[in-house]
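Engineer: Have a look at this one before I ask anything.
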Amino acid sequence: MDMDKLVSLCKRRGFLFQSSEIYGGLNGFWDYGPLGVELKRNIKEAWWQDMISGHNELLISNGAPCEHQMVGIDCSIIMHPQVWKCSGHYDLFHDFMVDCKESKKRYRHDQVRGRWALAKEQRVFIATQSGGDEGLQETEQKALKFFNLRAKSLEEISWDGPLVSLITITDFDKVLGPDAKAIGTLTPPREFNLMFKTIVGAMGGEESSAFLRPETAQGIFVNFKNVVDSTRVKIPFGIAQIGKSFRNEITPRNFTFRSREFEQMEIEFFCHPSQSPEWYKYWRDRRYKWYTDLGLSSSRLQLRDHDKDELSHYSCGTADIEYAFPFLPPGEFGELEGIAHRGDFDLKSHMEGKLVRSGDELVVELGEDGKPKHRGSGKDLRYFNDQTRERFIPHVIEPSAGADRGTLAFLCEAYFEEEIEGETRVVLRLNPRIAPVKAAIFPLVNKDGMPEKAKAIYGDLKKEFAVYFDDGGAIGRRYRRQDEIGTPICITVDGQTNQDDTVTWRDRDTLQQKRIPIQGLKEELRNLLKS
Ligand code: GAP
């Protein structure tokens, strides 16, 4: 699939616009247009329905069904700065960046790759930001320029090894930066905290500074006790939140994939430590199934367990659900969601203080005086089981999904071009549950009472479904316009409607048409949305 075509469709049909476009845009920020907002809202609603309000699945543990509840929360974006000290984000949430002294560009250290080229008795690491074939071609072109060779002299360059990450390189004086003409212009990697800083109140000053949340998860942890005390939830249970998160990404790119403002759909699932491995497995598999149920093909989707050295500072087990986005080199996958076994890290650190690793253990960091260095809230966040009389810090399983990455993956998966009767049909094969428009209603021609009848059907269906009325242009063109935005059904009022109160029902994917009575439309649409 050609990504440029999807990006152009998204703009042309009102799915996605660059933020502040009339002022030249702002890198890493996006606006959802009228269709995009419906698509993303449907994805978020499907998630909430399947995981929270309608979640009614049992884990069978030791042969017995284990009930669990799911509740929601909606927390503020700006929270007490101490939250981020205790969560580890203040100290550990950073990427490494390198600057180019020549081009003045900034790169994420782990996203620059390159390969060693030898020519004219010089060995140079030719860097690029692209991977795969594109990366190979780019490094060839850059090497030709650097060594001042013509294209036909390419064989004068010998390559020492494949494309590798800049992380593996130590001799920066031999690196030709991705946008540089001379070697040795990249600075050594430096840490860069990804949290956006802001000022609360009118006084200014360091003590008034706060951060925009880089994840929605912490709002759930700091409200754990509030939820337990104010509801009748019993462990195991989950708290869910959908909301904006902000990260000052060094190199936002690949359309909405890496943005600076994005939406997360997170669950923190609290359980007894002895049951946490089972729940981890449950959520890992359940979340993968959710994507395939909604239409992502398993050939482009993978569930990948993290290696030990890849785990976040808090995690003792993580799996990623990844999708083979078309903008990635063949064989590479991009993360859609992480499912992490966070142990008791978060509740413990909000109780006691910042935790650090000591060998295999997480321990509270102590200051020179032997007291905890960064104090947590000091509140007792343990859970009390009034039946077993046990008091304990629950373990947490966290399925953390990105709503924007999900939306992008569903769009990529749905995009098809096909030749029909000498014409190219562009179609978005979106699952009906997430399609922005469920059905379009047309009068075949604008006479003989057809527009009035079609309008009446439209008005009636609109009370329950997202429907669209279109009476402009040839019927074939109207079908194509709906195919392109993923509308699963087109309903047409024609000459026969006046005689027997039936309409045609045209399926976007099979292109089959059937006649159905007007009174049966709602039921048909309800069935479609259940599928
Ligand atoms: N609470 C855990 C957490 O935030 P994460 O892997 O950093 O984990 C979870 O983020 C999800 O949020 C990712 O899988 C991704 O879908 C989404 N996400 C993270 N950074 C993003 C960005 N810069 N742009 C768009 N989505 C992002």
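The way I read the labels, and the way they are meant: chains A, B, ... in the order of the structure tokens, residue 1 as the first residue of every chain, and ligand 1 as the first ligand shown, with later ones counted on from there.
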Residues of chain A within 8 Å of ligand 1: nearest atom pair and distance (Å, one decimal) for each, counting only C-alpha atoms and all ligand atoms, sorted by chain and number, as JSON lines?
Structural biologist:
```
{"residue": "A:Pro214", "atom": "CA", "partner": "ligand 1", "partner_atom_place_in_ligand_line": "4 (O)", "distance": 7.0}
{"residue": "A:Glu215", "atom": "CA", "partner": "ligand 1", "partner_atom_place_in_ligand_line": "4 (O)", "distance": 4.7}
{"residue": "A:Thr216", "atom": "CA", "partner": "ligand 1", "partner_atom_place_in_ligand_line": "1 (N)", "distance": 6.5}
{"residue": "A:Ala217", "atom": "CA", "partner": "ligand 1", "partner_atom_place_in_ligand_line": "1 (N)", "distance": 5.0}
{"residue": "A:Gln218", "atom": "CA", "partner": "ligand 1", "partner_atom_place_in_ligand_line": "1 (N)", "distance": 7.7}
{"residue": "A:Phe246", "atom": "CA", "partner": "ligand 1", "partner_atom_place_in_ligand_line": "23 (N)", "distance": 7.6}
{"residue": "A:Arg247", "atom": "CA", "partner": "ligand 1", "partner_atom_place_in_ligand_line": "23 (N)", "distance": 6.0}
{"residue": "A:Asn248", "atom": "CA", "partner": "ligand 1", "partner_atom_place_in_ligand_line": "23 (N)", "distance": 7.9}
{"residue": "A:Glu249", "atom": "CA", "partner": "ligand 1", "partner_atom_place_in_ligand_line": "23 (N)", "distance": 6.1}
{"residue": "A:Pro252", "atom": "CA", "partner": "ligand 1", "partner_atom_place_in_ligand_line": "23 (N)", "distance": 6.9}
{"residue": "A:Thr256", "atom": "CA", "partner": "ligand 1", "partner_atom_place_in_ligand_line": "25 (C)", "distance": 6.4}
{"residue": "A:Phe257", "atom": "CA", "partner": "ligand 1", "partner_atom_place_in_ligand_line": "25 (C)", "distance": 5.1}
{"residue": "A:Arg258", "atom": "CA", "partner": "ligand 1", "partner_atom_place_in_ligand_line": "24 (N)", "distance": 3.6}
{"residue": "A:Ser259", "atom": "CA", "partner": "ligand 1", "partner_atom_place_in_ligand_line": "24 (N)", "distance": 3.9}
{"residue": "A:Arg260", "atom": "CA", "partner": "ligand 1", "partner_atom_place_in_ligand_line": "23 (N)", "distance": 5.3}
{"residue": "A:Glu261", "atom": "CA", "partner": "ligand 1", "partner_atom_place_in_ligand_line": "24 (N)", "distance": 6.7}
{"residue": "A:Phe262", "atom": "CA", "partner": "ligand 1", "partner_atom_place_in_ligand_line": "25 (C)", "distance": 5.2}
{"residue": "A:Glu263", "atom": "CA", "partner": "ligand 1", "partner_atom_place_in_ligand_line": "26 (N)", "distance": 6.9}
{"residue": "A:Gln264", "atom": "CA", "partner": "ligand 1", "partner_atom_place_in_ligand_line": "12 (O)", "distance": 5.4}
{"residue": "A:Met265", "atom": "CA", "partner": "ligand 1", "partner_atom_place_in_ligand_line": "12 (O)", "distance": 7.8}
{"residue": "A:Glu266", "atom": "CA", "partner": "ligand 1", "partner_atom_place_in_ligand_line": "1 (N)", "distance": 7.0}
{"residue": "A:Asp320", "atom": "CA", "partner": "ligand 1", "partner_atom_place_in_ligand_line": "14 (O)", "distance": 7.4}
{"residue": "A:Ile321", "atom": "CA", "partner": "ligand 1", "partner_atom_place_in_ligand_line": "14 (O)", "distance": 7.9}
{"residue": "A:Glu335", "atom": "CA", "partner": "ligand 1", "partner_atom_place_in_ligand_line": "14 (O)", "distance": 5.2}
{"residue": "A:Leu336", "atom": "CA", "partner": "ligand 1", "partner_atom_place_in_ligand_line": "16 (O)", "distance": 4.2}
{"residue": "A:Glu337", "atom": "CA", "partner": "ligand 1", "partner_atom_place_in_ligand_line": "14 (O)", "distance": 3.5}
{"residue": "A:Gly338", "atom": "CA", "partner": "ligand 1", "partner_atom_place_in_ligand_line": "14 (O)", "distance": 5.0}
{"residue": "A:Ala340", "atom": "CA", "partner": "ligand 1", "partner_atom_place_in_ligand_line": "2 (C)", "distance": 7.8}
{"residue": "A:Glu398", "atom": "CA", "partner": "ligand 1", "partner_atom_place_in_ligand_line": "1 (N)", "distance": 7.2}
{"residue": "A:Pro399", "atom": "CA", "partner": "ligand 1", "partner_atom_place_in_ligand_line": "2 (C)", "distance": 7.9}
{"residue": "A:Ser400", "atom": "CA", "partner": "ligand 1", "partner_atom_place_in_ligand_line": "9 (C)", "distance": 4.8}
{"residue": "A:Ala401", "atom": "CA", "partner": "ligand 1", "partner_atom_place_in_ligand_line": "11 (C)", "distance": 4.5}
{"residue": "A:Gly402", "atom": "CA", "partner": "ligand 1", "partner_atom_place_in_ligand_line": "16 (O)", "distance": 3.2}
{"residue": "A:Ala403", "atom": "CA", "partner": "ligand 1", "partner_atom_place_in_ligand_line": "16 (O)", "distance": 6.7}
{"residue": "A:Asp404", "atom": "CA", "partner": "ligand 1", "partner_atom_place_in_ligand_line": "25 (C)", "distance": 6.0}
{"residue": "A:Arg405", "atom": "CA", "partner": "ligand 1", "partner_atom_place_in_ligand_line": "16 (O)", "distance": 5.3}
{"residue": "A:Gly406", "atom": "CA", "partner": "ligand 1", "partner_atom_place_in_ligand_line": "16 (O)", "distance": 7.1}
```
Engineer: May I have a table of the residues of region 263-297 of chain A lying at most 9 Å from region 385-394 of chain A, giving each one's closest pair of atoms and their distance in Å to one decimal, counting only C-alpha atoms, ordered by chain and ascending residue number, as CSV?
Structural biologist:
```
residue,atom,partner,partner_atom,distance
A:Phe270,CA,A:Pro394,CA,5.7
A:Cys271,CA,A:Pro394,CA,5.3
A:His272,CA,A:Pro394,CA,5.3
A:Pro273,CA,A:Pro394,CA,6.1
A:Ser276,CA,A:Pro394,CA,9.0
```
Engineer: Write the residues you've just listed into a file as a PDB file, in the first residue's frame, and include all heavy atoms for each of them.
Structural biologist:
```pdb
ATOM      1  N   PHE A 270      -5.740  -4.423  38.761  1.00  0.00           N
ATOM      2  CA  PHE A 270      -5.158  -4.722  40.074  1.00  0.00           C
ATOM      3  C   PHE A 270      -5.559  -6.137  40.504  1.00  0.00           C
ATOM      4  O   PHE A 270      -6.744  -6.477  40.480  1.00  0.00           O
ATOM      5  CB  PHE A 270      -5.662  -3.707  41.111  1.00  0.00           C
ATOM      6  CG  PHE A 270      -5.302  -2.286  40.744  1.00  0.00           C
ATOM      7  CD1 PHE A 270      -6.176  -1.492  39.999  1.00  0.00           C
ATOM      8  CD2 PHE A 270      -4.086  -1.737  41.119  1.00  0.00           C
ATOM      9  CE1 PHE A 270      -5.842  -0.185  39.644  1.00  0.00           C
ATOM     10  CE2 PHE A 270      -3.749  -0.435  40.778  1.00  0.00           C
ATOM     11  CZ  PHE A 270      -4.629   0.340  40.038  1.00  0.00           C
ATOM     12  N   CYS A 271      -4.566  -6.928  40.891  1.00  0.00           N
ATOM     13  CA  CYS A 271      -4.878  -8.303  41.281  1.00  0.00           C
ATOM     14  C   CYS A 271      -3.944  -8.756  42.397  1.00  0.00           C
ATOM     15  O   CYS A 271      -2.964  -8.082  42.721  1.00  0.00           O
ATOM     16  CB  CYS A 271      -4.770  -9.230  40.069  1.00  0.00           C
ATOM     17  SG  CYS A 271      -3.166  -9.227  39.302  1.00  0.00           S
ATOM     18  N   HIS A 272      -4.269  -9.906  42.954  1.00  0.00           N
ATOM     19  CA  HIS A 272      -3.413 -10.473  43.992  1.00  0.00           C
ATOM     20  C   HIS A 272      -2.107 -10.936  43.337  1.00  0.00           C
ATOM     21  O   HIS A 272      -2.136 -11.510  42.241  1.00  0.00           O
ATOM     22  CB  HIS A 272      -4.116 -11.658  44.666  1.00  0.00           C
ATOM     23  CG  HIS A 272      -3.425 -12.102  45.905  1.00  0.00           C
ATOM     24  ND1 HIS A 272      -2.359 -12.976  45.889  1.00  0.00           N
ATOM     25  CD2 HIS A 272      -3.625 -11.762  47.210  1.00  0.00           C
ATOM     26  CE1 HIS A 272      -1.934 -13.165  47.136  1.00  0.00           C
ATOM     27  NE2 HIS A 272      -2.686 -12.442  47.951  1.00  0.00           N
ATOM     28  N   PRO A 273      -0.951 -10.694  43.988  1.00  0.00           N
ATOM     29  CA  PRO A 273       0.328 -11.073  43.369  1.00  0.00           C
ATOM     30  C   PRO A 273       0.358 -12.523  42.882  1.00  0.00           C
ATOM     31  O   PRO A 273       0.912 -12.811  41.822  1.00  0.00           O
ATOM     32  CB  PRO A 273       1.349 -10.843  44.482  1.00  0.00           C
ATOM     33  CG  PRO A 273       0.739  -9.791  45.346  1.00  0.00           C
ATOM     34  CD  PRO A 273      -0.751  -9.978  45.270  1.00  0.00           C
ATOM     35  N   SER A 276      -1.138 -12.782  39.419  1.00  0.00           N
ATOM     36  CA  SER A 276      -0.746 -11.831  38.367  1.00  0.00           C
ATOM     37  C   SER A 276      -0.222 -12.498  37.089  1.00  0.00           C
ATOM     38  O   SER A 276      -0.506 -12.001  35.997  1.00  0.00           O
ATOM     39  CB  SER A 276       0.235 -10.792  38.908  1.00  0.00           C
ATOM     40  OG  SER A 276       1.410 -11.411  39.339  1.00  0.00           O
TER      41      SER A 276
END
```
Engineer: Skipping near chain neighbours, those fewer than 4 positions away, what residues fall within 12 Å of Asp293 (chain A) using only C-alpha atoms, listed as a ChimeraX atom specification?
Structural biologist: /A:46-47,50,286-289,297-298,410,430-434,530-531
Engineer: In Å, how far is it from CA of Cys75 (chain A) to CA of Lys197 (chain A)?
Structural biologist: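 Straight-line distance from CA of Cys75 (chain A) to CA of Lys197 (chain A) works out to 18.2 Å.
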Engineer: Mind checking DSSP for region 183-278 of chain A and telling me the strand (DSSP E) residues as a PyMOL selection string?
Structural biologist: chain A and resi 190-193+197-199+209-211+237-246+261-271
Engineer: List every residue of region 231-473 of chain A that DSSP, applied to the backbone of this structure, places in alpha helix (DSSP H), and write the result as number ranges by chain.
Structural biologist: A: 276-293, 345-352, 403-414, 450-462
Engineer: Taking 6 positions as the minimum chain separation for residues in the same chain, which residues sit within 10 Å of region 52-68 of chain A when counting only C-alpha atoms? Answer as a CSV table (one decimal) with N, CA and C atoms, in the first residue's frame.
Structural biologist:
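Final output, saved to part.csv:
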```csv
chain,number,residue,atom,x,y,z
A,45,GLU,N,-14.9,4.1,21.6
A,45,GLU,CA,-16.1,3.6,22.1
A,45,GLU,C,-16.1,2.0,22.1
A,46,ALA,N,-15.5,1.5,21.0
A,46,ALA,CA,-15.5,0.0,20.9
A,46,ALA,C,-14.6,-0.5,22.0
A,233,VAL,N,-15.8,-2.0,44.4
A,233,VAL,CA,-14.9,-2.9,43.7
A,233,VAL,C,-14.1,-3.8,44.6
A,234,LYS,N,-13.9,-5.0,44.2
A,234,LYS,CA,-13.1,-5.9,45.0
A,234,LYS,C,-12.0,-6.5,44.0
A,235,ILE,N,-10.8,-6.7,44.6
A,235,ILE,CA,-9.8,-7.2,43.7
A,235,ILE,C,-10.1,-8.7,43.3
A,236,PRO,N,-9.9,-9.1,42.1
A,236,PRO,CA,-9.3,-8.3,41.0
A,236,PRO,C,-10.3,-7.4,40.3
A,237,PHE,N,-9.8,-6.2,40.0
A,237,PHE,CA,-10.6,-5.2,39.2
A,237,PHE,C,-9.7,-4.3,38.4
A,238,GLY,N,-10.3,-3.7,37.4
A,238,GLY,CA,-9.5,-2.8,36.5
A,238,GLY,C,-10.0,-1.4,36.5
A,239,ILE,N,-9.2,-0.4,36.4
A,239,ILE,CA,-9.6,1.0,36.3
A,239,ILE,C,-9.1,1.4,34.9
A,240,ALA,N,-10.0,2.0,34.1
A,240,ALA,CA,-9.6,2.4,32.7
A,240,ALA,C,-9.7,3.9,32.5
A,241,GLN,N,-8.9,4.4,31.6
A,241,GLN,CA,-9.0,5.8,31.3
A,241,GLN,C,-8.6,6.0,29.8
A,267,ILE,N,-5.6,0.6,30.8
A,267,ILE,CA,-6.2,-0.1,31.9
A,267,ILE,C,-5.1,-0.4,32.9
A,269,PHE,N,-4.9,-3.0,35.8
A,269,PHE,CA,-5.7,-4.1,36.4
A,269,PHE,C,-5.0,-4.6,37.6
A,270,PHE,N,-5.7,-4.4,38.8
A,270,PHE,CA,-5.2,-4.7,40.1
A,270,PHE,C,-5.6,-6.1,40.5
A,271,CYS,N,-4.6,-6.9,40.9
A,271,CYS,CA,-4.9,-8.3,41.3
A,271,CYS,C,-3.9,-8.8,42.4
A,275,GLN,N,-1.9,-14.2,41.6
A,275,GLN,CA,-2.7,-14.4,40.3
A,275,GLN,C,-2.2,-13.6,39.2
A,278,GLU,N,-1.3,-15.2,35.6
A,278,GLU,CA,-2.4,-15.6,34.9
A,278,GLU,C,-3.1,-14.4,34.2
A,279,TRP,N,-3.3,-13.3,35.0
A,279,TRP,CA,-3.9,-12.1,34.5
A,279,TRP,C,-3.1,-11.5,33.4
A,282,TYR,N,-3.8,-13.4,30.4
A,282,TYR,CA,-5.2,-13.1,29.9
A,282,TYR,C,-5.2,-11.8,29.1
```
